$ cat query05.pdb   # PDB, C-alpha atoms
ATOM      1  CA  GLN A   1       3.165  -1.080   2.071
ATOM      2  CA  GLY A   2      -0.614  -1.541   1.888
ATOM      3  CA  LYS A   3      -1.606  -1.396   5.580
ATOM      4  CA  SER A   4      -4.019   1.489   5.142
ATOM      5  CA  ILE A   5      -5.839   0.041   2.137
ATOM      6  CA  VAL A   6      -6.290  -3.268   3.983
ATOM      7  CA  ALA A   7      -7.749  -1.417   6.986
ATOM      8  CA  TYR A   8     -10.054   0.638   4.737
ATOM      9  CA  THR A   9     -11.279  -2.548   3.062
ATOM     10  CA  ILE A  10     -12.069  -4.173   6.412
ATOM     11  CA  ALA A  11     -13.917  -1.046   7.516
ATOM     12  CA  GLY A  12     -15.860  -0.913   4.261
ATOM     13  CA  ASN A  13     -16.992  -4.516   4.728
ATOM     14  CA  LEU A  14     -18.146  -3.690   8.255
ATOM     15  CA  GLN A  15     -20.143  -0.733   6.929
ATOM     16  CA  ARG A  16     -21.982  -3.020   4.528
ATOM     17  CA  LEU A  17     -22.997  -5.062   7.580
ATOM     18  CA  GLY A  18     -24.534  -1.943   9.099
ATOM     19  CA  GLY A  19     -21.541  -0.747  11.131
ATOM     20  CA  TRP A  20     -20.079   2.693  11.869
ATOM     21  CA  VAL A  21     -16.427   3.637  11.221
ATOM     22  CA  GLN A  22     -14.093   6.120  12.888
ATOM     23  CA  LEU A  23     -10.674   6.983  11.433
ATOM     24  CA  MET A  24      -7.989   8.550  13.627
ATOM     25  CA  ASP A  25      -5.678   9.869  10.924
ATOM     26  CA  GLU A  26      -2.612  10.606  13.031
ATOM     27  CA  GLU A  27      -0.300  10.712  10.005
ATOM     28  CA  ASP A  28      -2.635  13.160   8.223
ATOM     29  CA  ALA A  29      -2.355  11.041   5.096
ATOM     30  CA  PHE A  30      -5.923   9.909   4.424
ATOM     31  CA  ASN A  31      -6.727   9.812   0.722
ATOM     32  CA  SER A  32     -10.436   9.809  -0.052
ATOM     33  CA  ASP A  33      -9.759   8.283  -3.476
ATOM     34  CA  TYR A  34      -8.217   5.213  -1.867
ATOM     35  CA  GLY A  35     -11.155   5.124   0.523
ATOM     36  CA  ARG A  36     -13.563   4.933  -2.419
ATOM     37  CA  LEU A  37     -11.434   2.197  -4.009
ATOM     38  CA  ALA A  38     -11.801   0.209  -0.778
ATOM     39  CA  ARG A  39     -15.609   0.748  -1.004
ATOM     40  CA  LEU A  40     -15.527   2.852   2.152
ATOM     41  CA  ASN A  41     -18.648   4.944   2.651
ATOM     42  CA  MET A  42     -17.507   8.387   3.840
ATOM     43  CA  GLY A  43     -20.956   9.744   4.578
ATOM     44  CA  PRO A  44     -21.329  11.695   7.854
ATOM     45  CA  ASP A  45     -23.878   9.234   9.220
ATOM     46  CA  VAL A  46     -21.533   6.200   9.032
ATOM     47  CA  PHE A  47     -18.010   7.682   8.971
ATOM     48  CA  GLN A  48     -15.986  10.047  11.141
ATOM     49  CA  TRP A  49     -12.513  11.483  10.469
ATOM     50  CA  ALA A  50     -10.521  12.885  13.387
ATOM     51  CA  ARG A  51      -6.981  13.657  14.485
ATOM     52  CA  ALA A  52      -5.566  14.074  17.993
ATOM     53  CA  ASP A  53      -2.538  16.030  19.203
ATOM     54  CA  ASN A  54      -1.072  13.206  21.271
ATOM     55  CA  ILE A  55      -1.646   9.560  21.974
ATOM     56  CA  GLU A  56      -3.431  10.212  25.279
ATOM     57  CA  LYS A  57      -6.066  12.336  23.539
ATOM     58  CA  CYS A  58      -6.299   9.793  20.713
ATOM     59  CA  PHE A  59      -7.204   6.865  22.944
ATOM     60  CA  ALA A  60      -9.463   9.033  25.108
ATOM     61  CA  PHE A  61     -11.396  10.249  22.058
ATOM     62  CA  VAL A  62     -11.784   6.702  20.728
ATOM     63  CA  ARG A  63     -13.011   5.458  24.094
ATOM     64  CA  GLU A  64     -15.492   8.309  24.581
ATOM     65  CA  THR A  65     -16.836   7.995  21.036
ATOM     66  CA  ALA A  66     -17.285   4.244  21.397
ATOM     67  CA  GLN A  67     -19.079   4.604  24.737
ATOM     68  CA  GLU A  68     -21.426   7.224  23.290
ATOM     69  CA  HIS A  69     -22.063   5.076  20.212
ATOM     70  CA  PHE A  70     -22.925   1.961  22.227
ATOM     71  CA  ARG A  71     -25.097   4.002  24.589
ATOM     72  CA  ILE A  72     -27.273   5.024  21.648
ATOM     73  CA  ALA A  73     -26.997   1.885  19.494
ATOM     74  CA  PRO A  74     -25.583  -1.014  21.552
ATOM     75  CA  HIS A  75     -26.052  -3.625  18.817
ATOM     76  CA  ILE A  76     -24.556  -1.729  15.858
ATOM     77  CA  PRO A  77     -20.875  -2.636  15.176
ATOM     78  CA  PHE A  78     -18.286   0.077  15.731
ATOM     79  CA  CYS A  79     -14.863   0.169  14.068
ATOM     80  CA  SER A  80     -12.044   2.527  15.004
ATOM     81  CA  ILE A  81      -8.794   2.757  12.999
ATOM     82  CA  VAL A  82      -5.676   4.447  14.376
ATOM     83  CA  ASP A  83      -3.315   5.212  11.489
ATOM     84  CA  SER A  84      -0.776   4.931  12.865
ATOM     85  CA  VAL A  85       0.509   4.354  16.385
ATOM     86  CA  ALA A  86       4.046   5.207  15.312
ATOM     87  CA  GLY A  87       2.973   8.589  13.934
ATOM     88  CA  VAL A  88       1.570  10.107  17.137
ATOM     89  CA  ALA A  89       3.633  11.504  20.006
ATOM     90  CA  THR A  90       2.977  11.453  23.710
ATOM     91  CA  LYS A  91       2.164  14.486  25.830
ATOM     92  CA  GLU A  92       5.634  14.353  27.364
ATOM     93  CA  GLU A  93       7.326  14.267  23.956
ATOM     94  CA  GLU A  94       5.502  17.431  22.893
ATOM     95  CA  LYS A  95       7.001  19.405  25.771
ATOM     96  CA  ALA A  96      10.405  17.676  25.920
ATOM     97  CA  THR A  97      13.590  19.018  24.396
ATOM     98  CA  TRP A  98      15.593  17.141  21.777
ATOM     99  CA  GLU A  99      17.876  15.585  24.417
ATOM    100  CA  GLU A 100      14.956  14.517  26.614
ATOM    101  CA  LYS A 101      12.998  12.822  23.819
ATOM    102  CA  ALA A 102      15.466   9.940  23.580
ATOM    103  CA  VAL A 103      15.000   9.249  27.288
ATOM    104  CA  ARG A 104      11.192   9.506  27.265
ATOM    105  CA  ARG A 105      10.531   7.165  24.365
ATOM    106  CA  ALA A 106       9.810   4.361  26.822
ATOM    107  CA  SER A 107       6.735   6.294  27.994
ATOM    108  CA  HIS A 108       5.178   5.688  24.567
ATOM    109  CA  ALA A 109       4.931   1.947  25.268
ATOM    110  CA  ALA A 110       3.785   2.465  28.854
ATOM    111  CA  ILE A 111       0.932   4.765  27.810
ATOM    112  CA  ILE A 112      -0.235   2.369  25.074
ATOM    113  CA  ALA A 113      -0.270  -0.525  27.547
ATOM    114  CA  GLN A 114      -2.242   1.517  30.075
ATOM    115  CA  GLU A 115      -4.786   2.741  27.517
ATOM    116  CA  LEU A 116      -5.341  -0.735  26.064
ATOM    117  CA  ARG A 117      -6.033  -2.124  29.532
ATOM    118  CA  VAL A 118      -8.694   0.546  29.997
ATOM    119  CA  MET A 119     -10.149  -0.132  26.539
ATOM    120  CA  GLN A 120     -10.688  -3.806  27.376
ATOM    121  CA  ASN A 121     -13.902  -3.005  29.267
ATOM    122  CA  VAL A 122     -15.369  -1.242  26.240
ATOM    123  CA  MET A 123     -14.216  -3.782  23.655
ATOM    124  CA  SER A 124     -15.228  -6.935  25.542
ATOM    125  CA  ASP A 125     -18.920  -6.124  26.064
ATOM    126  CA  HIS A 126     -19.801  -4.676  22.635
ATOM    127  CA  PRO A 127     -19.285  -5.357  18.892
ATOM    128  CA  PHE A 128     -16.136  -3.220  18.773
ATOM    129  CA  LEU A 129     -13.401  -3.635  16.143
ATOM    130  CA  PHE A 130     -10.236  -1.715  17.064
ATOM    131  CA  ILE A 131      -7.573  -1.612  14.331
ATOM    132  CA  LEU A 132      -4.131  -0.308  15.263
ATOM    133  CA  LEU A 133      -1.704   0.231  12.408
ATOM    134  CA  ASN A 134       1.941   0.118  13.401
ATOM    135  CA  GLN A 135       5.336   0.166  11.733
ATOM    136  CA  LEU A 136       8.649  -1.593  12.211
ATOM    137  CA  LYS A 137      11.896   0.210  12.927
ATOM    138  CA  SER A 138      15.501  -0.924  12.729
ATOM    139  CA  THR A 139      17.353  -1.605  15.953
ATOM    140  CA  MET A 140      20.977  -0.918  16.828
ATOM    141  CA  ALA A 141      21.506  -4.457  18.093
ATOM    142  CA  SER A 142      25.140  -5.407  18.522
ATOM    143  CA  ASN A 143      24.342  -9.085  19.048
ATOM    144  CA  PRO A 144      23.808 -10.839  15.675
ATOM    145  CA  TRP A 145      21.156 -13.113  17.245
ATOM    146  CA  GLU A 146      19.014 -10.239  18.436
ATOM    147  CA  PRO A 147      16.073  -9.147  16.242
ATOM    148  CA  LYS A 148      16.969  -6.489  13.705
ATOM    149  CA  LEU A 149      13.481  -4.980  13.712
ATOM    150  CA  SER A 150      11.214  -3.857  16.518
ATOM    151  CA  ALA A 151       7.752  -2.293  16.662
ATOM    152  CA  PHE A 152       6.774   1.077  18.101
ATOM    153  CA  GLY A 153       5.021   0.925  21.429
ATOM    154  CA  GLY A 154       6.922  -2.041  22.834
ATOM    155  CA  LYS A 155       5.092  -5.345  23.356
ATOM    156  CA  ALA A 156       1.787  -3.923  24.583
ATOM    157  CA  ILE A 157       0.045  -4.168  21.201
ATOM    158  CA  LYS A 158       1.399  -7.687  20.652
ATOM    159  CA  TYR A 159       0.038  -8.782  24.028
ATOM    160  CA  HIS A 160      -3.441  -7.251  23.770
ATOM    161  CA  ALA A 161      -4.055  -8.000  20.073
ATOM    162  CA  ARG A 162      -6.544 -10.702  19.168
ATOM    163  CA  ILE A 163      -5.244 -10.852  15.595
ATOM    164  CA  ARG A 164      -1.853  -9.651  14.358
ATOM    165  CA  ILE A 165      -1.334  -9.385  10.609
ATOM    166  CA  GLU A 166       1.999  -8.511   9.037
ATOM    167  CA  VAL A 167       1.401  -6.636   5.783
ATOM    168  CA  LYS A 168       4.208  -6.112   3.305
ATOM    169  CA  LYS A 169       4.628  -5.303  -0.336
ATOM    170  CA  LYS A 170       5.762  -8.281  -2.388
ATOM    171  CA  LEU A 171       6.181  -6.822  -5.864
ATOM    172  CA  THR A 172       5.244  -3.916  -8.120
ATOM    173  CA  LEU A 173       2.669  -4.575 -10.819
ATOM    174  CA  LYS A 174       2.899  -3.236 -14.371
ATOM    175  CA  TRP A 175       0.634  -3.801 -17.332
ATOM    176  CA  HIS A 176       3.725  -4.441 -19.448
ATOM    177  CA  PRO A 177       7.318  -5.101 -18.331
ATOM    178  CA  ASP A 178       8.525  -2.149 -20.397
ATOM    179  CA  ASP A 179       6.085   0.328 -18.832
ATOM    180  CA  LEU A 180       7.670   3.245 -17.027
ATOM    181  CA  TYR A 181       5.017   3.611 -14.329
ATOM    182  CA  ALA A 182       3.520   0.984 -12.038
ATOM    183  CA  CYS A 183      -0.202   0.205 -12.085
ATOM    184  CA  GLY A 184      -0.394  -1.415  -8.661
ATOM    185  CA  MET A 185       1.288  -3.685  -6.162
ATOM    186  CA  ARG A 186       0.910  -7.169  -4.775
ATOM    187  CA  ILE A 187       0.325  -7.232  -1.016
ATOM    188  CA  GLU A 188       1.300 -10.209   1.114
ATOM    189  CA  MET A 189      -0.334 -10.730   4.522
ATOM    190  CA  ASP A 190       0.837 -13.150   7.199
ATOM    191  CA  VAL A 191      -1.347 -13.891  10.233
ATOM    192  CA  ILE A 192       1.208 -14.010  13.046
ATOM    193  CA  LYS A 193      -1.244 -14.237  15.959
ATOM    194  CA  ASN A 194      -4.867 -15.293  15.997
ATOM    195  CA  LYS A 195      -7.017 -16.008  19.059
ATOM    196  CA  ILE A 196     -10.183 -16.436  16.985
ATOM    197  CA  ALA A 197      -9.122 -18.948  14.319
ATOM    198  CA  ALA A 198      -6.049 -20.887  13.250
ATOM    199  CA  PRO A 199      -2.895 -18.695  13.040
ATOM    200  CA  TRP A 200       0.061 -18.840  10.646
ATOM    201  CA  ARG A 201      -1.935 -18.409   7.496
ATOM    202  CA  ASP A 202      -1.008 -16.156   4.626
ATOM    203  CA  ALA A 203      -2.741 -14.515   1.691
ATOM    204  CA  GLN A 204      -1.871 -12.332  -1.276
ATOM    205  CA  MET A 205      -3.923  -9.769  -3.128
ATOM    206  CA  ASP A 206      -3.388  -7.365  -5.996
ATOM    207  CA  PHE A 207      -4.127  -3.701  -5.417
ATOM    208  CA  LEU A 208      -4.476  -1.562  -8.542
ATOM    209  CA  PHE A 209      -4.195   2.189  -8.160
ATOM    210  CA  GLU A 210      -7.159   2.845 -10.463
ATOM    211  CA  SER A 211      -9.642   0.130  -9.465
ATOM    212  CA  GLY A 212      -8.685  -1.073  -5.980
ATOM    213  CA  ILE A 213      -8.277  -4.656  -4.789
ATOM    214  CA  GLU A 214      -8.915  -7.183  -7.530
ATOM    215  CA  ASP A 215     -11.503  -9.846  -6.767
ATOM    216  CA  TYR A 216     -10.488 -12.336  -9.435
ATOM    217  CA  ARG A 217      -7.183 -13.508  -7.906
ATOM    218  CA  PRO A 218      -8.709 -15.528  -4.990
ATOM    219  CA  VAL A 219     -11.036 -17.254  -7.449
ATOM    220  CA  ILE A 220      -8.173 -18.182  -9.781
ATOM    221  CA  ASP A 221      -6.048 -19.432  -6.880
ATOM    222  CA  PHE A 222      -8.935 -21.578  -5.617
ATOM    223  CA  LEU A 223      -9.554 -23.111  -9.044
ATOM    224  CA  LYS A 224      -5.833 -23.677  -9.547
ATOM    225  CA  TYR A 225      -4.638 -25.008  -6.178
ATOM    226  CA  LYS A 226      -7.766 -26.352  -4.445
ATOM    227  CA  ALA A 227     -10.108 -27.515  -7.195
ATOM    228  CA  LYS A 228      -7.219 -28.163  -9.631
ATOM    229  CA  VAL A 229      -9.404 -27.141 -12.558
ATOM    230  CA  LEU A 230      -7.124 -24.505 -14.082
ATOM    231  CA  VAL A 231      -3.578 -24.994 -15.306
ATOM    232  CA  THR A 232      -1.252 -22.022 -15.778
ATOM    233  CA  LYS A 233       1.641 -21.952 -18.197
ATOM    234  CA  GLY A 234       3.604 -18.744 -18.032
ATOM    235  CA  ASN A 235       1.168 -15.838 -18.344
ATOM    236  CA  TYR A 236      -1.620 -17.971 -19.785
ATOM    237  CA  VAL A 237      -4.400 -19.930 -18.031
TER     238      VAL A 237
END
$ encode --input "query05.pdb" --output "structure tokens"
Amino acid sequence: QGKSIVAYTIAGNLQRLGGWVQLMDEEDAFNSDYGRLARLNMGPDVFQWARADNIEKCFAFVRETAQEHFRIAPHIPFCSIVDSVAGVATKEEEKATWEEKAVRRASHAAIIAQELRVMQNVMSDHPFLFILLNQLKSTMASNPWEPKLSAFGGKAIKYHARIRIEVKKKLTLKWHPDDLYACGMRIEMDVIKNKIAAPWRDAQMDFLFESGIEDYRPVIDFLKYKAKVLVTKGNYV
């Protein structure tokens, strides 16, 4: 749906400010081509790829790496991306049988809440950007007024997050309506929670599979809606 490419783009912008990026690829789905499209520098001096067996090791590795980084360079920004929280199991789930896994799923949320409380000391005193990618799952709610979707990890991430952005695919892009294959997709982002600036803002961007995120759309939207200089009629400006 575009979550990874948005995270790569944020990390690439932080690298251009002199920062260092760590990617915890728990889904084992990192594509270096998409990283280059997001202008992500994958050099060994500014980028680290890693993968942990369980969520306890994942958070422990992130915390230890961040502490070592800030011990050496306390003023250089550090960004860690966990992709994704829903794709990594707990230590108990690795050893549990199929019948026991359904009972121990609540431990996933408890461990995330505990680890995030410990991470607060590292994140609050240093220029640390921690990006957690998560997914929604359908619920078996019998009450029609109950939410039909819920997030992995319970409410711990919602509580500790400074900014929560809901990313979803809006439409598929094609160069021509009759084309068989798509050339990209339009990503819609809604800021659900924001403790740094005003919340409840949204944005859209076009991601092309061959060239990355297009930079012209925000300019056209500004000239059309804010400055009211451009007028669009159908597909023409």
$ residues_around --input "query05.pdb" --residues "stretch 172-187 of chain A" --least-positions-apart "3" --cutoff "10 Å" --atoms "all atoms listed in the file" --output "NGL selection string"
:A and (1-3 or 6 or 167-169 or 203-213)
$ closest_residue --input "query05.pdb" --among "A:Met42, A:Leu132, A:Lys193, A:Glu64" --to "A:Phe152" --atoms "all atoms listed in the file"
A:Leu132
$ resolve_selection --input "query05.pdb" --expression "the PyMOL selection byres ((chain A and resi 91) around 8)" --output "VMD selection string"
chain A and resid 54 to 56 89 to 90 92 to 95
$ closest_residue --input "query05.pdb" --among "A:Ala227, A:Ile220, A:Ile192, A:Ala66" --to "A:Val122" --atoms "all atoms listed in the file"
A:Ala66
$ resolve_selection --input "query05.pdb" --expression "the PyMOL selection byres ((chain A and resi 71-78) around 6)" --output "list in words"
Gly19, Trp20, Glu68, His69, Phe70, Cys79, Pro127 and Phe128 of chain A
$ write_last_selection --input "query05.pdb" --atoms "C-alpha atoms" --output "compact mmCIF listing (two decimals), in the coordinates of the input"
# COMPACT_ATOMS: atom_id res chain seq x y z
CA GLY A 19 -21.54 -0.75 11.13
CA TRP A 20 -20.08 2.69 11.87
CA GLU A 68 -21.43 7.22 23.29
CA HIS A 69 -22.06 5.08 20.21
CA PHE A 70 -22.92 1.96 22.23
CA CYS A 79 -14.86 0.17 14.07
CA PRO A 127 -19.28 -5.36 18.89
CA PHE A 128 -16.14 -3.22 18.77
$ resolve_selection --input "query05.pdb" --expression "the PyMOL selection byres ((chain A and resi 8) around 10)" --output "ChimeraX atom specification"
/A:3-7,9-14,21,23,34-41,81
$ residues_around --input "query05.pdb" --residues "A:Val88" --least-positions-apart "2" --cutoff "9 Å" --atoms "all atoms listed in the file" --output "ChimeraX atom specification"
/A:26-27,52-55,58,83-86,90
$ residues_around --input "query05.pdb" --residues "A:Trp49" --least-positions-apart "4" --cutoff "8 Å" --atoms "all atoms listed in the file" --output "mmCIF file with C-alpha atoms, in the frame of the given file"
data_model
loop_
_atom_site.group_PDB
_atom_site.id
_atom_site.type_symbol
_atom_site.label_atom_id
_atom_site.label_comp_id
_atom_site.auth_asym_id
_atom_site.auth_seq_id
_atom_site.Cartn_x
_atom_site.Cartn_y
_atom_site.Cartn_z
ATOM 1 C CA GLN A 22 -14.093 6.120 12.888
ATOM 2 C CA LEU A 23 -10.674 6.983 11.433
ATOM 3 C CA MET A 24 -7.989 8.550 13.627
ATOM 4 C CA ASP A 25 -5.678 9.869 10.924
#
$ build_atoms --input "query05.pdb" --residues "stretch 154-165 of chain A" --atoms "all heavy atoms" --output "PDB file, in the coordinates of the input"
ATOM      1  N   GLY A 154       6.536  -0.888  22.041  1.00  0.00           N
ATOM      2  CA  GLY A 154       6.922  -2.041  22.834  1.00  0.00           C
ATOM      3  C   GLY A 154       6.089  -3.274  22.505  1.00  0.00           C
ATOM      4  O   GLY A 154       5.683  -3.492  21.366  1.00  0.00           O
ATOM      5  N   LYS A 155       5.816  -4.084  23.529  1.00  0.00           N
ATOM      6  CA  LYS A 155       5.092  -5.345  23.356  1.00  0.00           C
ATOM      7  C   LYS A 155       3.639  -5.259  23.789  1.00  0.00           C
ATOM      8  O   LYS A 155       2.968  -6.292  23.870  1.00  0.00           O
ATOM      9  CB  LYS A 155       5.796  -6.452  24.140  1.00  0.00           C
ATOM     10  CG  LYS A 155       7.204  -6.736  23.655  1.00  0.00           C
ATOM     11  CD  LYS A 155       7.835  -7.886  24.427  1.00  0.00           C
ATOM     12  CE  LYS A 155       9.242  -8.169  23.914  1.00  0.00           C
ATOM     13  NZ  LYS A 155       9.883  -9.296  24.648  1.00  0.00           N
ATOM     14  N   ALA A 156       3.166  -4.062  24.095  1.00  0.00           N
ATOM     15  CA  ALA A 156       1.787  -3.923  24.583  1.00  0.00           C
ATOM     16  C   ALA A 156       0.775  -4.316  23.508  1.00  0.00           C
ATOM     17  O   ALA A 156      -0.190  -5.042  23.784  1.00  0.00           O
ATOM     18  CB  ALA A 156       1.544  -2.493  25.048  1.00  0.00           C
ATOM     19  N   ILE A 157       0.986  -3.846  22.275  1.00  0.00           N
ATOM     20  CA  ILE A 157       0.045  -4.168  21.201  1.00  0.00           C
ATOM     21  C   ILE A 157       0.094  -5.660  20.889  1.00  0.00           C
ATOM     22  O   ILE A 157      -0.946  -6.284  20.629  1.00  0.00           O
ATOM     23  CB  ILE A 157       0.364  -3.322  19.957  1.00  0.00           C
ATOM     24  CG1 ILE A 157       0.248  -1.831  20.297  1.00  0.00           C
ATOM     25  CG2 ILE A 157      -0.566  -3.664  18.813  1.00  0.00           C
ATOM     26  CD1 ILE A 157       0.603  -0.917  19.154  1.00  0.00           C
ATOM     27  N   LYS A 158       1.279  -6.252  20.920  1.00  0.00           N
ATOM     28  CA  LYS A 158       1.399  -7.687  20.652  1.00  0.00           C
ATOM     29  C   LYS A 158       0.649  -8.500  21.707  1.00  0.00           C
ATOM     30  O   LYS A 158       0.054  -9.536  21.396  1.00  0.00           O
ATOM     31  CB  LYS A 158       2.871  -8.095  20.643  1.00  0.00           C
ATOM     32  CG  LYS A 158       3.705  -7.416  19.570  1.00  0.00           C
ATOM     33  CD  LYS A 158       5.148  -7.870  19.651  1.00  0.00           C
ATOM     34  CE  LYS A 158       6.002  -7.167  18.604  1.00  0.00           C
ATOM     35  NZ  LYS A 158       7.422  -7.590  18.684  1.00  0.00           N
ATOM     36  N   TYR A 159       0.687  -8.035  22.942  1.00  0.00           N
ATOM     37  CA  TYR A 159       0.038  -8.782  24.028  1.00  0.00           C
ATOM     38  C   TYR A 159      -1.479  -8.667  23.954  1.00  0.00           C
ATOM     39  O   TYR A 159      -2.191  -9.660  24.130  1.00  0.00           O
ATOM     40  CB  TYR A 159       0.555  -8.268  25.373  1.00  0.00           C
ATOM     41  CG  TYR A 159      -0.132  -8.874  26.560  1.00  0.00           C
ATOM     42  CD1 TYR A 159       0.181 -10.149  27.014  1.00  0.00           C
ATOM     43  CD2 TYR A 159      -1.130  -8.156  27.241  1.00  0.00           C
ATOM     44  CE1 TYR A 159      -0.454 -10.702  28.109  1.00  0.00           C
ATOM     45  CE2 TYR A 159      -1.774  -8.708  28.337  1.00  0.00           C
ATOM     46  CZ  TYR A 159      -1.427  -9.977  28.766  1.00  0.00           C
ATOM     47  OH  TYR A 159      -2.063 -10.518  29.839  1.00  0.00           O
ATOM     48  N   HIS A 160      -1.995  -7.470  23.724  1.00  0.00           N
ATOM     49  CA  HIS A 160      -3.441  -7.251  23.770  1.00  0.00           C
ATOM     50  C   HIS A 160      -4.135  -7.614  22.463  1.00  0.00           C
ATOM     51  O   HIS A 160      -5.367  -7.726  22.440  1.00  0.00           O
ATOM     52  CB  HIS A 160      -3.740  -5.788  24.102  1.00  0.00           C
ATOM     53  CG  HIS A 160      -3.422  -5.421  25.520  1.00  0.00           C
ATOM     54  ND1 HIS A 160      -4.270  -5.707  26.574  1.00  0.00           N
ATOM     55  CD2 HIS A 160      -2.353  -4.788  26.063  1.00  0.00           C
ATOM     56  CE1 HIS A 160      -3.747  -5.272  27.702  1.00  0.00           C
ATOM     57  NE2 HIS A 160      -2.587  -4.707  27.430  1.00  0.00           N
ATOM     58  N   ALA A 161      -3.427  -7.770  21.375  1.00  0.00           N
ATOM     59  CA  ALA A 161      -4.055  -8.000  20.073  1.00  0.00           C
ATOM     60  C   ALA A 161      -4.705  -9.375  20.010  1.00  0.00           C
ATOM     61  O   ALA A 161      -4.145 -10.367  20.490  1.00  0.00           O
ATOM     62  CB  ALA A 161      -3.019  -7.863  18.956  1.00  0.00           C
ATOM     63  N   ARG A 162      -5.890  -9.422  19.441  1.00  0.00           N
ATOM     64  CA  ARG A 162      -6.544 -10.702  19.168  1.00  0.00           C
ATOM     65  C   ARG A 162      -6.018 -11.293  17.863  1.00  0.00           C
ATOM     66  O   ARG A 162      -5.847 -12.499  17.750  1.00  0.00           O
ATOM     67  CB  ARG A 162      -8.064 -10.517  19.084  1.00  0.00           C
ATOM     68  CG  ARG A 162      -8.720 -10.022  20.355  1.00  0.00           C
ATOM     69  CD  ARG A 162      -8.632 -11.046  21.468  1.00  0.00           C
ATOM     70  NE  ARG A 162      -9.349 -10.589  22.660  1.00  0.00           N
ATOM     71  CZ  ARG A 162      -8.804  -9.919  23.653  1.00  0.00           C
ATOM     72  NH1 ARG A 162      -7.514  -9.599  23.593  1.00  0.00           N
ATOM     73  NH2 ARG A 162      -9.504  -9.558  24.710  1.00  0.00           N
ATOM     74  N   ILE A 163      -5.784 -10.417  16.887  1.00  0.00           N
ATOM     75  CA  ILE A 163      -5.244 -10.852  15.595  1.00  0.00           C
ATOM     76  C   ILE A 163      -4.120  -9.902  15.215  1.00  0.00           C
ATOM     77  O   ILE A 163      -4.304  -8.681  15.256  1.00  0.00           O
ATOM     78  CB  ILE A 163      -6.324 -10.867  14.488  1.00  0.00           C
ATOM     79  CG1 ILE A 163      -7.468 -11.797  14.850  1.00  0.00           C
ATOM     80  CG2 ILE A 163      -5.718 -11.290  13.157  1.00  0.00           C
ATOM     81  CD1 ILE A 163      -8.598 -11.783  13.842  1.00  0.00           C
ATOM     82  N   ARG A 164      -2.981 -10.438  14.856  1.00  0.00           N
ATOM     83  CA  ARG A 164      -1.853  -9.651  14.358  1.00  0.00           C
ATOM     84  C   ARG A 164      -1.552 -10.084  12.932  1.00  0.00           C
ATOM     85  O   ARG A 164      -1.332 -11.271  12.664  1.00  0.00           O
ATOM     86  CB  ARG A 164      -0.610  -9.845  15.226  1.00  0.00           C
ATOM     87  CG  ARG A 164      -0.639  -9.117  16.555  1.00  0.00           C
ATOM     88  CD  ARG A 164       0.655  -9.333  17.294  1.00  0.00           C
ATOM     89  NE  ARG A 164       1.795  -8.847  16.510  1.00  0.00           N
ATOM     90  CZ  ARG A 164       2.997  -9.401  16.526  1.00  0.00           C
ATOM     91  NH1 ARG A 164       3.242 -10.461  17.253  1.00  0.00           N
ATOM     92  NH2 ARG A 164       3.967  -8.879  15.798  1.00  0.00           N
ATOM     93  N   ILE A 165      -1.576  -9.110  12.027  1.00  0.00           N
ATOM     94  CA  ILE A 165      -1.334  -9.385  10.609  1.00  0.00           C
ATOM     95  C   ILE A 165      -0.149  -8.549  10.158  1.00  0.00           C
ATOM     96  O   ILE A 165      -0.148  -7.327  10.321  1.00  0.00           O
ATOM     97  CB  ILE A 165      -2.574  -9.065   9.758  1.00  0.00           C
ATOM     98  CG1 ILE A 165      -3.786  -9.864  10.248  1.00  0.00           C
ATOM     99  CG2 ILE A 165      -2.304  -9.373   8.293  1.00  0.00           C
ATOM    100  CD1 ILE A 165      -5.068  -9.521   9.510  1.00  0.00           C
TER     101      ILE A 165
END
